[in-house]
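Visitor: So here's coords_4.cif, just mmCIF, C-alpha atoms:
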```cif
data_input
loop_
_atom_site.label_atom_id
_atom_site.label_comp_id
_atom_site.auth_asym_id
_atom_site.auth_seq_id
_atom_site.Cartn_x
_atom_site.Cartn_y
_atom_site.Cartn_z
CA MET A 541 22.62 19.00 8.50
CA LEU A 542 21.26 20.41 11.73
CA ARG A 543 22.71 23.09 13.98
CA GLY A 544 24.04 22.66 17.47
CA ASP A 545 22.85 19.66 19.41
CA LEU A 546 19.91 19.09 17.05
CA GLN A 547 21.99 16.63 14.98
CA ALA A 548 22.58 14.43 18.03
CA LYS A 549 18.90 14.64 18.98
CA ALA A 550 17.86 13.73 15.44
CA ARG A 551 20.13 10.66 15.54
CA GLU A 552 18.56 9.64 18.84
CA VAL A 553 15.07 9.87 17.35
CA ALA A 554 16.18 8.00 14.22
CA ALA A 555 17.67 5.20 16.32
CA ALA A 556 14.31 4.76 18.07
CA CYS A 557 12.32 4.51 14.81
CA MET A 558 11.38 1.37 12.96
CA MET A 559 9.14 0.31 10.12
CA PHE A 560 5.75 -1.21 10.89
CA ASP A 561 6.97 -4.51 9.44
CA GLU A 562 9.92 -4.62 11.86
CA TYR A 563 7.69 -3.93 14.85
CA ALA A 564 4.87 -6.30 13.91
CA ALA A 565 7.27 -9.15 13.07
CA GLY A 566 8.16 -9.22 16.76
CA LEU A 567 4.57 -9.63 17.92
CA ASP A 568 2.79 -12.87 18.74
CA LEU A 569 0.12 -12.71 16.05
CA LYS A 570 -2.67 -15.22 15.49
CA LEU A 571 -3.30 -15.03 11.76
CA ARG A 572 -5.45 -16.88 9.26
CA GLU A 573 -3.93 -18.37 6.10
CA VAL A 574 -3.90 -16.79 2.66
CA PRO A 575 -5.25 -19.43 0.24
CA GLY A 576 -3.02 -18.34 -2.64
CA LYS A 577 0.46 -16.95 -3.03
CA ILE A 578 1.64 -13.72 -1.44
CA LEU A 579 3.53 -11.70 -4.02
CA LEU A 580 5.78 -9.06 -2.46
CA HIS A 581 6.86 -5.86 -4.17
CA GLY A 582 9.09 -3.72 -1.99
CA HIS A 583 9.34 0.05 -2.32
CA CYS A 584 12.61 1.23 -3.91
CA HIS A 585 13.62 3.19 -0.82
CA GLN A 586 13.04 0.14 1.38
CA LYS A 587 15.04 -2.08 -0.96
CA SER A 588 17.89 0.43 -1.22
CA MET A 589 18.27 0.27 2.56
CA ASN A 590 18.19 -3.57 2.58
CA MET A 591 15.00 -3.50 4.65
CA LEU A 592 12.80 -5.83 2.59
CA SER A 593 13.73 -8.64 4.96
CA ALA A 594 11.49 -6.99 7.59
CA SER A 595 8.48 -7.37 5.29
CA VAL A 596 9.40 -10.97 4.53
CA ALA A 597 9.76 -11.74 8.26
CA LEU A 598 6.32 -10.30 8.93
CA LEU A 599 4.68 -12.18 6.06
CA GLN A 600 6.31 -15.41 7.25
CA LYS A 601 4.16 -15.17 10.38
CA ILE A 602 1.16 -16.03 8.19
CA PRO A 603 0.55 -19.79 8.50
CA ASN A 604 1.68 -21.76 5.43
CA ALA A 605 2.50 -18.52 3.60
CA LYS A 606 3.78 -18.95 0.05
CA ILE A 607 5.77 -15.73 -0.31
CA HIS A 608 7.24 -14.73 -3.66
CA ASP A 609 9.51 -11.69 -3.82
CA LEU A 610 8.79 -10.26 -7.25
CA ASP A 611 12.26 -8.66 -7.39
CA ALA A 612 10.74 -6.35 -9.99
CA GLY A 613 12.93 -3.32 -9.40
CA CYS A 614 11.11 0.01 -9.57
CA CYS A 615 7.37 0.11 -10.26
CA GLY A 616 7.91 3.16 -12.45
CA MET A 617 6.36 5.76 -10.19
CA ALA A 618 9.48 6.91 -8.32
CA GLY A 619 7.42 9.07 -6.00
CA SER A 620 5.82 11.84 -8.05
CA PHE A 621 7.72 11.00 -11.27
CA GLY A 622 5.04 8.69 -12.62
CA TYR A 623 2.25 11.16 -11.89
CA MET A 624 3.69 13.70 -14.34
CA LYS A 625 2.14 13.65 -17.81
CA ASP A 626 5.51 13.94 -19.56
CA ASN A 627 6.79 10.84 -17.74
CA TYR A 628 3.82 8.55 -18.37
CA ASP A 629 5.38 6.46 -21.15
CA VAL A 630 8.62 5.92 -19.24
CA SER A 631 6.74 5.12 -16.04
CA LYS A 632 4.57 2.56 -17.82
CA ALA A 633 7.56 1.00 -19.61
CA ILE A 634 9.35 0.51 -16.28
CA ALA A 635 6.26 -1.14 -14.77
CA GLU A 636 5.94 -3.41 -17.81
CA ARG A 637 9.47 -4.79 -17.37
CA LYS A 638 8.50 -7.21 -14.60
CA LEU A 639 5.86 -5.92 -12.19
CA LEU A 640 2.80 -5.73 -14.44
CA PRO A 641 3.43 -9.09 -16.15
CA ALA A 642 3.54 -10.66 -12.66
CA VAL A 643 0.30 -8.90 -11.74
CA ARG A 644 -1.40 -10.27 -14.86
CA GLN A 645 -0.32 -13.82 -13.96
CA MET A 646 -1.77 -13.65 -10.44
CA GLY A 647 -4.37 -16.21 -9.52
CA PRO A 648 -7.72 -15.22 -7.99
CA ASP A 649 -6.57 -16.21 -4.47
CA ASP A 650 -3.17 -14.53 -4.74
CA VAL A 651 -2.45 -11.33 -2.83
CA LEU A 652 -0.06 -8.61 -3.93
CA VAL A 653 1.64 -6.84 -1.05
CA ALA A 654 3.32 -3.58 -2.02
CA THR A 655 4.99 -1.51 0.66
CA GLY A 656 4.99 1.76 -1.32
CA THR A 657 1.95 3.99 -1.74
CA SER A 658 2.89 4.99 -5.27
CA CYS A 659 3.60 1.33 -6.10
CA ARG A 660 0.07 0.41 -5.07
CA HIS A 661 -1.33 3.23 -7.22
CA GLN A 662 0.70 2.04 -10.21
CA VAL A 663 -0.54 -1.55 -9.85
CA LEU A 664 -4.16 -0.45 -9.56
CA GLU A 665 -4.07 2.03 -12.44
CA LEU A 666 -2.04 -0.03 -14.92
CA GLY A 667 -2.63 -3.58 -13.70
CA GLY A 668 -6.22 -3.39 -12.51
CA ARG A 669 -5.45 -5.22 -9.25
CA GLN A 670 -5.55 -3.90 -5.72
CA ALA A 671 -2.21 -4.22 -3.94
CA VAL A 672 -2.22 -3.91 -0.15
CA HIS A 673 0.24 -2.62 2.43
CA PRO A 674 1.54 -5.30 4.83
CA ALA A 675 -0.36 -3.62 7.69
CA VAL A 676 -3.65 -4.00 5.80
CA LEU A 677 -3.03 -7.68 5.05
CA ILE A 678 -2.11 -8.40 8.67
CA ARG A 679 -5.20 -6.55 9.90
CA ASP A 680 -7.40 -8.56 7.55
CA LEU A 681 -5.87 -11.86 8.67
CA LEU A 682 -6.09 -11.35 12.43
CA SER A 683 -8.10 -14.14 14.04
#
```
Kindly return the structure encoded in the file as structure tokens.
Guide:
Amino acid sequence: MLRGDLQAKAREVAAACMMFDEYAAGLDLKLREVPGKILLHGHCHQKSMNMLSASVALLQKIPNAKIHDLDAGCCGMAGSFGYMKDNYDVSKAIAERKLLPAVRQMGPDDVLVATGTSCRHQVLELGGRQAVHPAVLIRDLLS
């Protein structure tokens, strides 16, 4: 809660903000294909706000994209939760529910897109694969 007219100003700023995925989905992009599947793991905060569709819309701009929403729930990191020593076992168990098995089944040409920083860390540390942010994938595919 903000004092005085700061609340109204904050709402004005918030109304003008958007995710990268929302912005880039509206651009005329010339992109190369991804030879394999694009597996999408959305960040919990993004999913809780029903904003994963923005990432899907952006990825659909990739020619012949084969997008698979992993629908894996939480990666187990929950921000700083998974970085704490006492939470390691729980964090790993959550990741093992669906996310890490999907990572292990990825083909060599498949790409894992994860919108959350901590999600990408979890995949790399426990799954041994590099997940990328949508912005990185789009940058790499620009013709």
Visitor: Once the PyMOL selection byres ((chain A and resi 642-655) around 9) is applied to the coordinates I shared, what remains selected? I want it as number ranges by chain.
Guide: A: 574-583, 586, 595, 610, 612, 638-641, 656-657, 659-660, 663, 667-674, 677
Visitor: Go ahead and compute the interatomic distance for atom CA of Asp611 of chain A and atom CA of Met589 of chain A, in Å to one decimal.
Guide: 14.7 Å
Visitor: Pick out the closest residue to His661 of chain A from this set: A:Val553, A:Cys615, A:Ile634, A:Ala605. Count all atoms listed in the file.
Guide: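 Of the candidates, the smallest distance to His661 of chain A is held by A:Cys615.
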Visitor: Nearest to Ile607 of chain A among A:Tyr623, A:Tyr563, A:Ser593, A:Tyr628, with distances taken over all atoms listed in the file: which residue is it?
Guide: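 Ranked by minimum distance to Ile607 of chain A, first place goes to A:Ser593.
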Visitor: Figure out the distance between atom CA of Leu681 of chain A and atom CA of Met559 of chain A, please, to one decimal in Å.
Guide: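 Value for the atom CA of Met559 of chain A-atom CA of Leu681 of chain A distance: 19.4 Å.
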Visitor: Reconstruct N, CA and C atoms of segment 608-634 of chain A from the incomplete input and present them as a short mmCIF file (atom, residue, chain, number, x, y, z; two decimals), in the frame of the given file.
Guide:
```cif
data_model
loop_
_atom_site.label_atom_id
_atom_site.label_comp_id
_atom_site.auth_asym_id
_atom_site.auth_seq_id
_atom_site.Cartn_x
_atom_site.Cartn_y
_atom_site.Cartn_z
N HIS A 608 6.41 -14.87 -2.46
CA HIS A 608 7.24 -14.73 -3.66
C HIS A 608 7.68 -13.28 -3.79
N ASP A 609 8.97 -13.03 -3.60
CA ASP A 609 9.51 -11.69 -3.82
C ASP A 609 9.57 -11.47 -5.32
N LEU A 610 8.84 -10.50 -5.81
CA LEU A 610 8.79 -10.26 -7.25
C LEU A 610 10.12 -9.76 -7.80
N ASP A 611 10.96 -9.17 -6.96
CA ASP A 611 12.26 -8.66 -7.39
C ASP A 611 12.11 -7.91 -8.71
N ALA A 612 11.11 -7.03 -8.74
CA ALA A 612 10.74 -6.35 -9.99
C ALA A 612 11.42 -5.00 -10.17
N GLY A 613 12.32 -4.64 -9.28
CA GLY A 613 12.93 -3.32 -9.40
C GLY A 613 11.90 -2.25 -9.11
N CYS A 614 12.02 -1.12 -9.78
CA CYS A 614 11.11 0.01 -9.57
C CYS A 614 9.77 -0.25 -10.27
N CYS A 615 8.70 0.24 -9.66
CA CYS A 615 7.37 0.11 -10.26
C CYS A 615 7.16 1.13 -11.37
N GLY A 616 8.04 2.13 -11.43
CA GLY A 616 7.91 3.16 -12.45
C GLY A 616 7.38 4.49 -11.95
N MET A 617 6.91 4.51 -10.72
CA MET A 617 6.36 5.76 -10.19
C MET A 617 7.44 6.67 -9.64
N ALA A 618 8.39 6.12 -8.90
CA ALA A 618 9.48 6.91 -8.32
C ALA A 618 8.94 8.16 -7.63
N GLY A 619 8.04 7.94 -6.69
CA GLY A 619 7.42 9.07 -6.00
C GLY A 619 6.46 9.78 -6.94
N SER A 620 6.71 11.05 -7.20
CA SER A 620 5.82 11.84 -8.05
C SER A 620 6.16 11.72 -9.54
N PHE A 621 7.28 11.11 -9.88
CA PHE A 621 7.72 11.00 -11.27
C PHE A 621 6.62 10.45 -12.18
N GLY A 622 6.03 9.35 -11.79
CA GLY A 622 5.04 8.69 -12.62
C GLY A 622 3.71 9.42 -12.72
N TYR A 623 3.49 10.39 -11.83
CA TYR A 623 2.25 11.16 -11.89
C TYR A 623 2.32 12.28 -12.92
N MET A 624 3.52 12.60 -13.38
CA MET A 624 3.69 13.70 -14.34
C MET A 624 3.39 13.23 -15.75
N LYS A 625 2.59 14.01 -16.46
CA LYS A 625 2.14 13.65 -17.81
C LYS A 625 3.31 13.33 -18.74
N ASP A 626 4.36 14.13 -18.67
CA ASP A 626 5.51 13.94 -19.56
C ASP A 626 6.27 12.64 -19.29
N ASN A 627 6.06 12.05 -18.12
CA ASN A 627 6.79 10.84 -17.74
C ASN A 627 5.96 9.56 -17.88
N TYR A 628 4.74 9.69 -18.34
CA TYR A 628 3.82 8.55 -18.37
C TYR A 628 4.39 7.36 -19.13
N ASP A 629 4.89 7.58 -20.33
CA ASP A 629 5.38 6.46 -21.15
C ASP A 629 6.56 5.75 -20.49
N VAL A 630 7.47 6.51 -19.92
CA VAL A 630 8.62 5.92 -19.24
C VAL A 630 8.16 5.15 -18.00
N SER A 631 7.26 5.76 -17.24
CA SER A 631 6.74 5.12 -16.04
C SER A 631 6.08 3.79 -16.37
N LYS A 632 5.26 3.79 -17.41
CA LYS A 632 4.57 2.56 -17.82
C LYS A 632 5.56 1.51 -18.32
N ALA A 633 6.56 1.94 -19.08
CA ALA A 633 7.56 1.00 -19.61
C ALA A 633 8.33 0.33 -18.47
N ILE A 634 8.64 1.08 -17.43
CA ILE A 634 9.35 0.51 -16.28
C ILE A 634 8.47 -0.53 -15.60
#
```
